[in-house]
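Report on the following structure.
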There are 4 protein chains.
Amino acid sequence: MNSPARPTLKPRKTPVQARSTETVAAIYEATIQVLLSHGAERLTTTRVAERAGVSIGTLYQYYPNKQSLLFALLEQKLERVTSTLEIACKQARGKPLAQMLDHVVTQYVDAKMMRTDISTALYQISTEMGGPALVAKMQSRSLKALKDMIDTAPDVAAKPEPFIIQMIYTSMASAMRMVLEAGAAPIMVRKLRMHLVLLCQGYMSAVCGIRAIQET
Amino acid sequence: MNSPARPTLKPRKTPVQARSTETVAAIYEATIQVLLSHGAERLTTTRVAERAGVSIGTLYQYYPNKQSLLFALLEQKLERVTSTLEIACKQARGKPLAQMLDHVVTQYVDAKMMRTDISTALYQISTEMGGPALVAKMQSRSLKALKDMIDTAPDVAAKPEPFIIQMIYTSMASAMRMVLEAGAAPIMVRKLRMHLVLLCQGYMSAVCGIRAIQET
Amino acid sequence: MNSPARPTLKPRKTPVQARSTETVAAIYEATIQVLLSHGAERLTTTRVAERAGVSIGTLYQYYPNKQSLLFALLEQKLERVTSTLEIACKQARGKPLAQMLDHVVTQYVDAKMMRTDISTALYQISTEMGGPALVAKMQSRSLKALKDMIDTAPDVAAKPEPFIIQMIYTSMASAMRMVLEAGAAPIMVRKLRMHLVLLCQGYMSAVCGIRAIQET
Amino acid sequence: MNSPARPTLKPRKTPVQARSTETVAAIYEATIQVLLSHGAERLTTTRVAERAGVSIGTLYQYYPNKQSLLFALLEQKLERVTSTLEIACKQARGKPLAQMLDHVVTQYVDAKMMRTDISTALYQISTEMGGPALVAKMQSRSLKALKDMIDTAPDVAAKPEPFIIQMIYTSMASAMRMVLEAGAAPIMVRKLRMHLVLLCQGYMSAVCGIRAIQET
DNA sequence: CATGAATGAGGTTTCATTCAT
DNA sequence: TATGAATGAAACCTCATTCAT
C-alpha cells in the first residue's frame, strides 16, 4: 500500500457571479454526460470541457484537477441523499418499527431517484483516494441516523447491534443500484420501494424480537 | 452511448510447457497484488509484469491487452462462484425454503471467501465493456438456478416473481461485498452467514406465503 | 489481402492562431528532413517532433497518427503536380501532338522539380493503405487530362487507346524518378526534359498515325 | 545522413540436406505470401514463421535477421532477371536495332512474369540498406549489357550516350511495374510487350540516327 | 477571465532476437 | 536441429495540466 501525492480535491474558487455559476453548472452537467456516454475510463478533461462548451482552461479555473471534478459530483449527490436520510430518520423517531422502515425507505429511494442520470453515472467512479473516504463518511452518518431512530422504536425488544443496521443500509443501497442499473423504469421503482420495505421489515422482525406496542 | 473498437478479451495463448504455466500463474497473482496495493486506476501492465518478475513482453504473450488481463481475473472468479451457486441450488431442491436459503447462502459465502484478496480486488474493476456483460451473464445464470430451486420448495404458496429472486441475489452479493470491503474478519463472516440467511428467510416469508410442510 | 482497422488520415485540427501555423509548418518540414536523413523505416514521430523543435504532444494535436503525417506530405505534393499537369493539358489543347507533349512534359518536370527534396523523400513512402489509393486517384485524374488533350490534337489519325496514355504517363513518372534518385543535377534535368519529349513523341508517332497538320 | 549498425545480410547457413532445403523453400514462399497479404510494414518474422509452418527459432537458423530474409528474396529475383537480360543482350548482338529491342524486351518481360507474385511482392520492399545498393548493382550490370549490345548494332549511326540507355531501361522497368500492379492480366502483358518494343524503337530512332542496314 | 497551444511523463503495445530445453 | 518462452528496446499515442496571449 502506498499513498501517492494526493491532489487537492476542493474546487478552486467558489463561483459568485452569474456567469461563473452558469459555467460551473455546464461543466457539472457535462461531466455526467461524458460519464454516461463514454464511461469513467474514457472521461477526459478535454472531453468534459468540449461537452460543456467551454475551453479546457476555463474548466481548470473552477476545478484544480480532474479528481476534484468527479469528487464534486460524488459529494453533492451523497450529501443530498445522506441528509435526506438523516431528516427522515429524525421524523420517524418514536414510531413503530414497521412505519419507520416504510418512511425511511420511501424517502431514501425518492432522494436517489431525483436525477437518476447522476446516480447511475456515479456508480462508474471510484476516484481513487477521495471517493471511498467520502462514501465511508456518509455511510457512518447514515448508520448513526438509522441507529438513533431505531433505538426509539417502542416495539423493538432488543437494541439491534451495529451489524444489523449495516445490513439494512447495504441492502437498501444495493437494491437501489440494481434498479438504477437496469434502467429505473417507473414500475420497477414502485416495486422496489415496496419490496425494500418488506425486506427490511422481514429481516428486522426476524432479528430483533418485536414487542406488541401496547405492551409499552 | 457509443461503443468504440473493442479489443479482444480472450487470452492469447494457452501455455503448454511447464515454464509458461508458472509464468501465467505469476502474472495472475501479480495482477491481484497490484490491484490491491495500487488500485485499478494505477494498475499498469508494466507494474504487473514487474511484480510478476517477468518482462513486459512475456505478459503480452499471454494476454493480448490490459483489459484481457483484468477480464481473466473477473471471469475465473465469477465462474467459480456462479457454478458453486448452481450446484448448491441443485442440491437443495425439494427441501423446505428455510433450509434452501441456509444451504445456498452458506455455499455462496464460502465460495466468495476463498481467496478473499481476489474478491476484494475485483470490486475495483469494471473493465469498460467486457465486465458488465460478463457480470450480467453470470447473474442471469444465478437467477435461473435460484428460481428453479425455489420452484421446488414444498412450502412455498405462490411462485415468487423474478423481481423477488433478484432482490435476494442482490442482497446476498451486496452484503458479501460490505463484509469483504470491511476486511472480512472471521467473526464478521460468521455473522454475515447467519444474518444473510435471516434476511432472506424474513424477506421470503414476508413476500411469499409459507405453507406448513406437512401439507405436502 | 485483408484490410485491418484503418486509422484516420485527415489532420486533427486546422491551426487558427499564428503560433500554430508556424508549428504545423515546422512539423511538415521536419517530416521531410527525417524522411531524407533516416529513411521511411526509421522515421518515428518522436524524431519528427524533435527535429521540428516541438513536443510530441504538439505533433499529435495536428496529426492524429503517424500515417496522417506522411499522408499529408504525399497529398500536398501529388495534388500540386497533378493540378499542374491538368492545367498544362488544358493549355495545350488543339495544338499539334509534338507541341503538346513538349509543353506537358516541361510543365510536369518543372512541377516535380520544385522542392526536389520533397519529391525524393516521397518515394520512400507507401503508407500502407492511404498511399496507393491516393496515387491511383491522382493518376486517373492525370490520365483523363492527357486523354482529353490528345483527343484534340489535329494531327492524330486514330484516338489512342487508354493503355497508350498510361504508357506515356508511366514513362514520364519513372524517368522523373530516375533522375531525382540520381541527385537531380541541373544538366540531368535539362537532358531529362528533352529526352522525355523525344521518347513520348517517338512512341506516339509509332503508335498513332500522324497526319500532316495542313490537312486540317 | 547517418548509417546505423548494418546487420549481416547473408543467409546464416547454406542448406545442403533435403530437409533444410524444404524448410528454406517454405520460409521463402511464406515471406512472399505475407508480403502480399499483409504488406511490408506488417511483415513480422513471427508471421512468416507461422505461415511457413516452422518455429521462429528455425527461421533464425537460416536467416540471421529479418533484413536477410527480404534481401534474399530481392537478390534471387533480381539476379534471375538481370542475367536473363544479359544473356538476351549477348544473343542479339550484331542484329539490327529493331530486332535487338524486340528480343530484349520480350526476354525481359517474360523473366519478370515468371512468378508474378514475387515481382509484385518485391515492390513493397525497400529494405533500407541492402536494397538500393543491390538494385543499383543490378542496374549497372543491365546498363552495361544493353550498351555493349547496342554498340554492335549495324544500323545505329551514333553510339548512344549512357543517359539514353538508362531511359530505355527505366521505361522498361516502370512499364513492367505498371502492368504488374494492375494485376498482370494476360492481355495486358501481351500489349505491354508490344508497346514497350514500340516505345523503345520509337525513342531510339528519334535519338540515334538509324542507318539503312544495307549500308553496312 | 477565457482561450487553446504547448508540454511531456508515462502508458500500452509490438516485434526482432536470444537461448535453455 | 527444432522449439517457443522470454526478453526489452523502442515505437506509438494519450491526456492532465500549464501559461502566454
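If you're wondering about the labels, chains in the C-alpha cells are A, B, ... by order shown, residues count from 1 in each chain, ligands from 1 in order shown.
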Taking only C-alpha atoms (C1' of nucleotides) into account, report as a PDB file with C-alpha atoms (C1' of nucleotides), in the first residue's frame which residues of chain E lie within 8 Å of chain A.
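Saved as part03.pdb:
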ATOM      1  C1'  DA E   2     -11.242  32.936 -21.226  1.00  0.00           C
ATOM      2  C1'  DT E   3      -8.661  30.656 -24.573  1.00  0.00           C
ATOM      3  C1'  DG E   4      -6.269  26.883 -26.692  1.00  0.00           C
TER       4       DG E   4
END
Moved chain A, fitted on chain D by every C-alpha in sequence order, as a short mmCIF file (atom, residue, chain, number, x, y, z; two decimals) with C-alpha atoms, in the first residue's frame:
data_model
loop_
_atom_site.label_atom_id
_atom_site.label_comp_id
_atom_site.auth_asym_id
_atom_site.auth_seq_id
_atom_site.Cartn_x
_atom_site.Cartn_y
_atom_site.Cartn_z
CA MET A 1 22.74 11.05 -43.21
CA ASN A 2 23.85 8.45 -40.77
CA SER A 3 24.60 4.81 -41.33
CA PRO A 4 23.49 2.77 -38.37
CA ALA A 5 24.65 -0.67 -37.48
CA ARG A 6 24.15 -2.66 -40.61
CA PRO A 7 23.18 -6.23 -39.94
CA THR A 8 24.58 -9.15 -41.81
CA LEU A 9 22.54 -9.87 -44.86
CA LYS A 10 23.88 -13.21 -45.85
CA PRO A 11 21.92 -16.32 -44.95
CA ARG A 12 23.39 -17.97 -41.91
CA LYS A 13 23.92 -21.36 -43.37
CA THR A 14 23.58 -22.81 -46.79
CA PRO A 15 21.16 -25.68 -46.59
CA VAL A 16 22.50 -28.93 -47.89
CA GLN A 17 20.25 -31.60 -46.49
CA ALA A 18 16.87 -32.40 -47.92
CA ARG A 19 14.90 -31.28 -44.91
CA SER A 20 16.71 -27.98 -44.67
CA THR A 21 16.06 -27.22 -48.30
CA GLU A 22 12.38 -27.78 -47.77
CA THR A 23 12.38 -25.54 -44.74
CA VAL A 24 14.17 -22.77 -46.53
CA ALA A 25 11.78 -23.01 -49.44
CA ALA A 26 8.82 -22.88 -47.08
CA ILE A 27 10.16 -19.77 -45.42
CA TYR A 28 10.86 -18.23 -48.78
CA GLU A 29 7.33 -18.80 -49.98
CA ALA A 30 5.85 -17.68 -46.70
CA THR A 31 7.69 -14.41 -46.95
CA ILE A 32 6.11 -13.71 -50.30
CA GLN A 33 2.69 -14.65 -48.99
CA VAL A 34 2.96 -12.38 -46.01
CA LEU A 35 4.32 -9.57 -48.11
CA LEU A 36 1.34 -9.81 -50.41
CA SER A 37 -1.30 -10.30 -47.76
CA HIS A 38 -0.09 -7.98 -45.03
CA GLY A 39 2.26 -5.55 -46.72
CA ALA A 40 5.88 -4.85 -45.94
CA GLU A 41 5.08 -2.70 -42.92
CA ARG A 42 3.20 -5.51 -41.24
CA LEU A 43 5.55 -8.31 -42.16
CA THR A 44 6.97 -9.76 -38.98
CA THR A 45 9.31 -12.65 -38.58
CA THR A 46 6.77 -14.36 -36.37
CA ARG A 47 4.13 -14.13 -39.03
CA VAL A 48 6.47 -15.51 -41.65
CA ALA A 49 7.45 -18.42 -39.45
CA GLU A 50 3.81 -19.12 -38.67
CA ARG A 51 2.87 -19.08 -42.32
CA ALA A 52 5.80 -21.30 -43.15
CA GLY A 53 4.76 -23.73 -40.49
CA VAL A 54 8.06 -23.59 -38.66
CA SER A 55 9.02 -22.13 -35.33
CA ILE A 56 10.54 -18.71 -35.06
CA GLY A 57 13.73 -20.31 -33.85
CA THR A 58 14.05 -22.32 -37.02
CA LEU A 59 13.63 -19.26 -39.15
CA TYR A 60 16.54 -17.64 -37.39
CA GLN A 61 18.60 -20.73 -38.00
CA TYR A 62 18.56 -19.98 -41.70
CA TYR A 63 18.36 -16.21 -41.79
CA PRO A 64 20.33 -14.26 -39.22
CA ASN A 65 17.86 -11.41 -39.23
CA LYS A 66 14.77 -10.00 -40.87
CA GLN A 67 16.68 -8.00 -43.43
CA SER A 68 18.47 -11.04 -44.73
CA LEU A 69 15.12 -12.65 -45.33
CA LEU A 70 13.91 -9.85 -47.54
CA PHE A 71 17.31 -9.40 -49.06
CA ALA A 72 17.36 -13.00 -50.20
CA LEU A 73 14.05 -12.52 -51.93
CA LEU A 74 15.20 -9.43 -53.71
CA GLU A 75 18.54 -10.85 -54.65
CA GLN A 76 17.22 -14.04 -56.12
CA LYS A 77 14.67 -12.36 -58.29
CA LEU A 78 16.94 -9.56 -59.42
CA GLU A 79 19.74 -11.93 -60.22
CA ARG A 80 17.46 -14.05 -62.33
CA VAL A 81 16.04 -11.14 -64.28
CA THR A 82 19.39 -9.46 -64.73
CA SER A 83 21.16 -12.51 -66.01
CA THR A 84 18.30 -13.21 -68.38
CA LEU A 85 18.71 -9.72 -69.72
CA GLU A 86 22.46 -10.16 -70.06
CA ILE A 87 22.05 -13.35 -72.00
CA ALA A 88 19.42 -11.81 -74.26
CA CYS A 89 21.71 -8.92 -74.95
CA LYS A 90 24.54 -11.25 -75.89
CA GLN A 91 22.28 -13.24 -78.20
CA ALA A 92 21.08 -10.16 -80.04
CA ARG A 93 24.46 -8.69 -80.77
CA GLY A 94 25.04 -7.61 -84.33
CA LYS A 95 21.38 -7.65 -85.26
CA PRO A 96 19.52 -4.55 -86.42
CA LEU A 97 18.37 -2.29 -83.58
CA ALA A 98 14.70 -3.01 -84.04
CA GLN A 99 15.26 -6.72 -83.71
CA MET A 100 17.52 -6.19 -80.72
CA LEU A 101 14.90 -4.26 -78.84
CA ASP A 102 12.22 -6.74 -79.72
CA HIS A 103 14.28 -9.63 -78.46
CA VAL A 104 15.45 -7.98 -75.27
CA VAL A 105 12.06 -6.64 -74.31
CA THR A 106 10.47 -10.00 -74.85
CA GLN A 107 13.01 -11.80 -72.74
CA TYR A 108 12.85 -9.18 -70.01
CA VAL A 109 9.08 -9.20 -69.76
CA ASP A 110 8.99 -12.98 -69.68
CA ALA A 111 11.61 -13.16 -66.95
CA LYS A 112 9.62 -10.77 -64.80
CA MET A 113 6.43 -12.60 -65.47
CA MET A 114 7.54 -15.89 -64.02
CA ARG A 115 6.19 -15.83 -60.52
CA THR A 116 4.33 -12.56 -60.85
CA ASP A 117 3.56 -12.87 -57.17
CA ILE A 118 7.20 -12.46 -56.29
CA SER A 119 7.66 -9.52 -58.60
CA THR A 120 4.63 -7.82 -57.14
CA ALA A 121 5.65 -8.58 -53.59
CA LEU A 122 9.06 -7.11 -54.14
CA TYR A 123 7.76 -3.67 -54.98
CA GLN A 124 6.86 -3.47 -51.31
CA ILE A 125 10.40 -3.77 -50.09
CA SER A 126 12.95 -1.07 -49.84
CA THR A 127 15.01 -2.85 -47.22
CA GLU A 128 16.79 0.22 -46.00
CA MET A 129 20.48 -0.50 -46.60
CA GLY A 130 21.02 -3.52 -48.77
CA GLY A 131 18.13 -3.00 -51.14
CA PRO A 132 19.07 0.14 -53.06
CA ALA A 133 22.69 -0.98 -53.33
CA LEU A 134 21.67 -4.28 -54.80
CA VAL A 135 19.25 -2.66 -57.19
CA ALA A 136 21.94 -0.24 -58.27
CA LYS A 137 24.39 -3.04 -58.90
CA MET A 138 21.93 -4.98 -60.97
CA GLN A 139 21.00 -1.88 -62.89
CA SER A 140 24.57 -1.12 -63.81
CA ARG A 141 25.05 -4.69 -65.00
CA SER A 142 21.94 -4.34 -67.11
CA LEU A 143 22.98 -1.00 -68.52
CA LYS A 144 26.34 -2.40 -69.47
CA ALA A 145 24.76 -5.37 -71.21
CA LEU A 146 22.39 -3.11 -73.13
CA LYS A 147 25.16 -0.72 -74.11
CA ASP A 148 27.47 -3.44 -75.29
CA MET A 149 24.69 -4.85 -77.38
CA ILE A 150 23.56 -1.61 -78.94
CA ASP A 151 27.12 -0.71 -79.81
CA THR A 152 27.12 -3.70 -82.13
CA ALA A 153 23.98 -2.64 -84.00
CA PRO A 154 24.91 -2.16 -87.65
CA ASP A 155 22.21 0.41 -88.27
CA VAL A 156 22.90 2.88 -85.51
CA ALA A 157 24.56 6.05 -86.70
CA ALA A 158 25.91 7.46 -83.43
CA LYS A 159 26.75 5.52 -80.30
CA PRO A 160 24.02 6.45 -77.83
CA GLU A 161 25.08 8.15 -74.66
CA PRO A 162 24.55 6.37 -71.32
CA PHE A 163 21.57 8.51 -70.48
CA ILE A 164 19.65 7.07 -73.39
CA ILE A 165 20.31 3.52 -72.30
CA GLN A 166 19.07 4.43 -68.89
CA MET A 167 15.90 5.88 -70.28
CA ILE A 168 15.27 2.66 -72.12
CA TYR A 169 15.95 0.52 -69.11
CA THR A 170 13.85 2.66 -66.82
CA SER A 171 10.94 2.69 -69.23
CA MET A 172 11.03 -1.05 -69.45
CA ALA A 173 11.12 -1.49 -65.73
CA SER A 174 8.36 1.02 -65.01
CA ALA A 175 5.99 -0.21 -67.68
CA MET A 176 6.50 -3.68 -66.28
CA ARG A 177 5.66 -2.46 -62.81
CA MET A 178 2.59 -0.66 -64.05
CA VAL A 179 1.19 -3.85 -65.50
CA LEU A 180 2.13 -5.99 -62.54
CA GLU A 181 0.49 -3.68 -60.07
CA ALA A 182 -2.62 -3.60 -62.21
CA GLY A 183 -2.90 -7.36 -61.84
CA ALA A 184 -0.93 -8.59 -64.85
CA ALA A 185 -3.82 -9.95 -66.88
CA PRO A 186 -2.53 -11.97 -69.88
CA ILE A 187 -4.01 -9.52 -72.39
CA MET A 188 -2.24 -6.67 -70.67
CA VAL A 189 1.03 -8.56 -70.76
CA ARG A 190 0.78 -9.17 -74.48
CA LYS A 191 -0.03 -5.55 -75.07
CA LEU A 192 2.78 -4.52 -72.82
CA ARG A 193 5.33 -6.53 -74.75
CA MET A 194 4.27 -4.98 -77.99
CA HIS A 195 4.03 -1.43 -76.82
CA LEU A 196 7.27 -1.57 -74.96
CA VAL A 197 9.01 -2.60 -78.16
CA LEU A 198 7.35 0.23 -80.01
CA LEU A 199 8.25 2.69 -77.33
CA CYS A 200 11.89 1.67 -77.32
CA GLN A 201 12.12 1.60 -81.05
CA GLY A 202 10.35 4.92 -81.44
CA TYR A 203 12.58 6.54 -78.89
CA MET A 204 15.79 5.11 -80.23
CA SER A 205 15.11 6.07 -83.79
CA ALA A 206 14.24 9.56 -82.63
CA VAL A 207 17.42 9.82 -80.63
CA CYS A 208 20.05 7.98 -82.67
CA GLY A 209 19.97 8.34 -86.39
CA ILE A 210 19.14 5.03 -88.00
CA ARG A 211 21.25 4.15 -90.98
CA ALA A 212 19.91 1.90 -93.69
CA ILE A 213 21.50 -1.46 -92.97
CA GLN A 214 22.70 -2.02 -96.49
CA GLU A 215 24.86 1.11 -96.08
CA THR A 216 27.11 -0.97 -93.93
#
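Within 9 Å of chain B, and using only C-alpha atoms (C1' of nucleotides), the residues found on chain F are DA5, DA6, DT7 and DG8 of chain F.
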Got a sec to tell me which of segment 133-183 of chain C DSSP assigns to alpha helix (DSSP H), as JSON, numbers by chain?
-> {"C": [133, 134, 135, 136, 137, 138, 139, 140, 141, 142, 143, 144, 145, 146, 147, 148, 149, 150, 162, 163, 164, 165, 166, 167, 168, 169, 170, 171, 172, 173, 174, 175, 176, 177, 178, 179, 180, 181]}
Work out how far apart atom C1' of DA16 of chain F and atom C1' of DC1 of chain E are and give it in Å to one decimal.
->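 We find that atom C1' of DA16 of chain F and atom C1' of DC1 of chain E lie 21.3 Å from each other.
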Atom C1' of DC15 of chain E sits from atom C1' of DC15 of chain F at a separation of 26.6 Å
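Atom C1' of DT7 of chain E to atom C1' of DT18 of chain F spans 8.0 Å [interatomic distance, one decimal].
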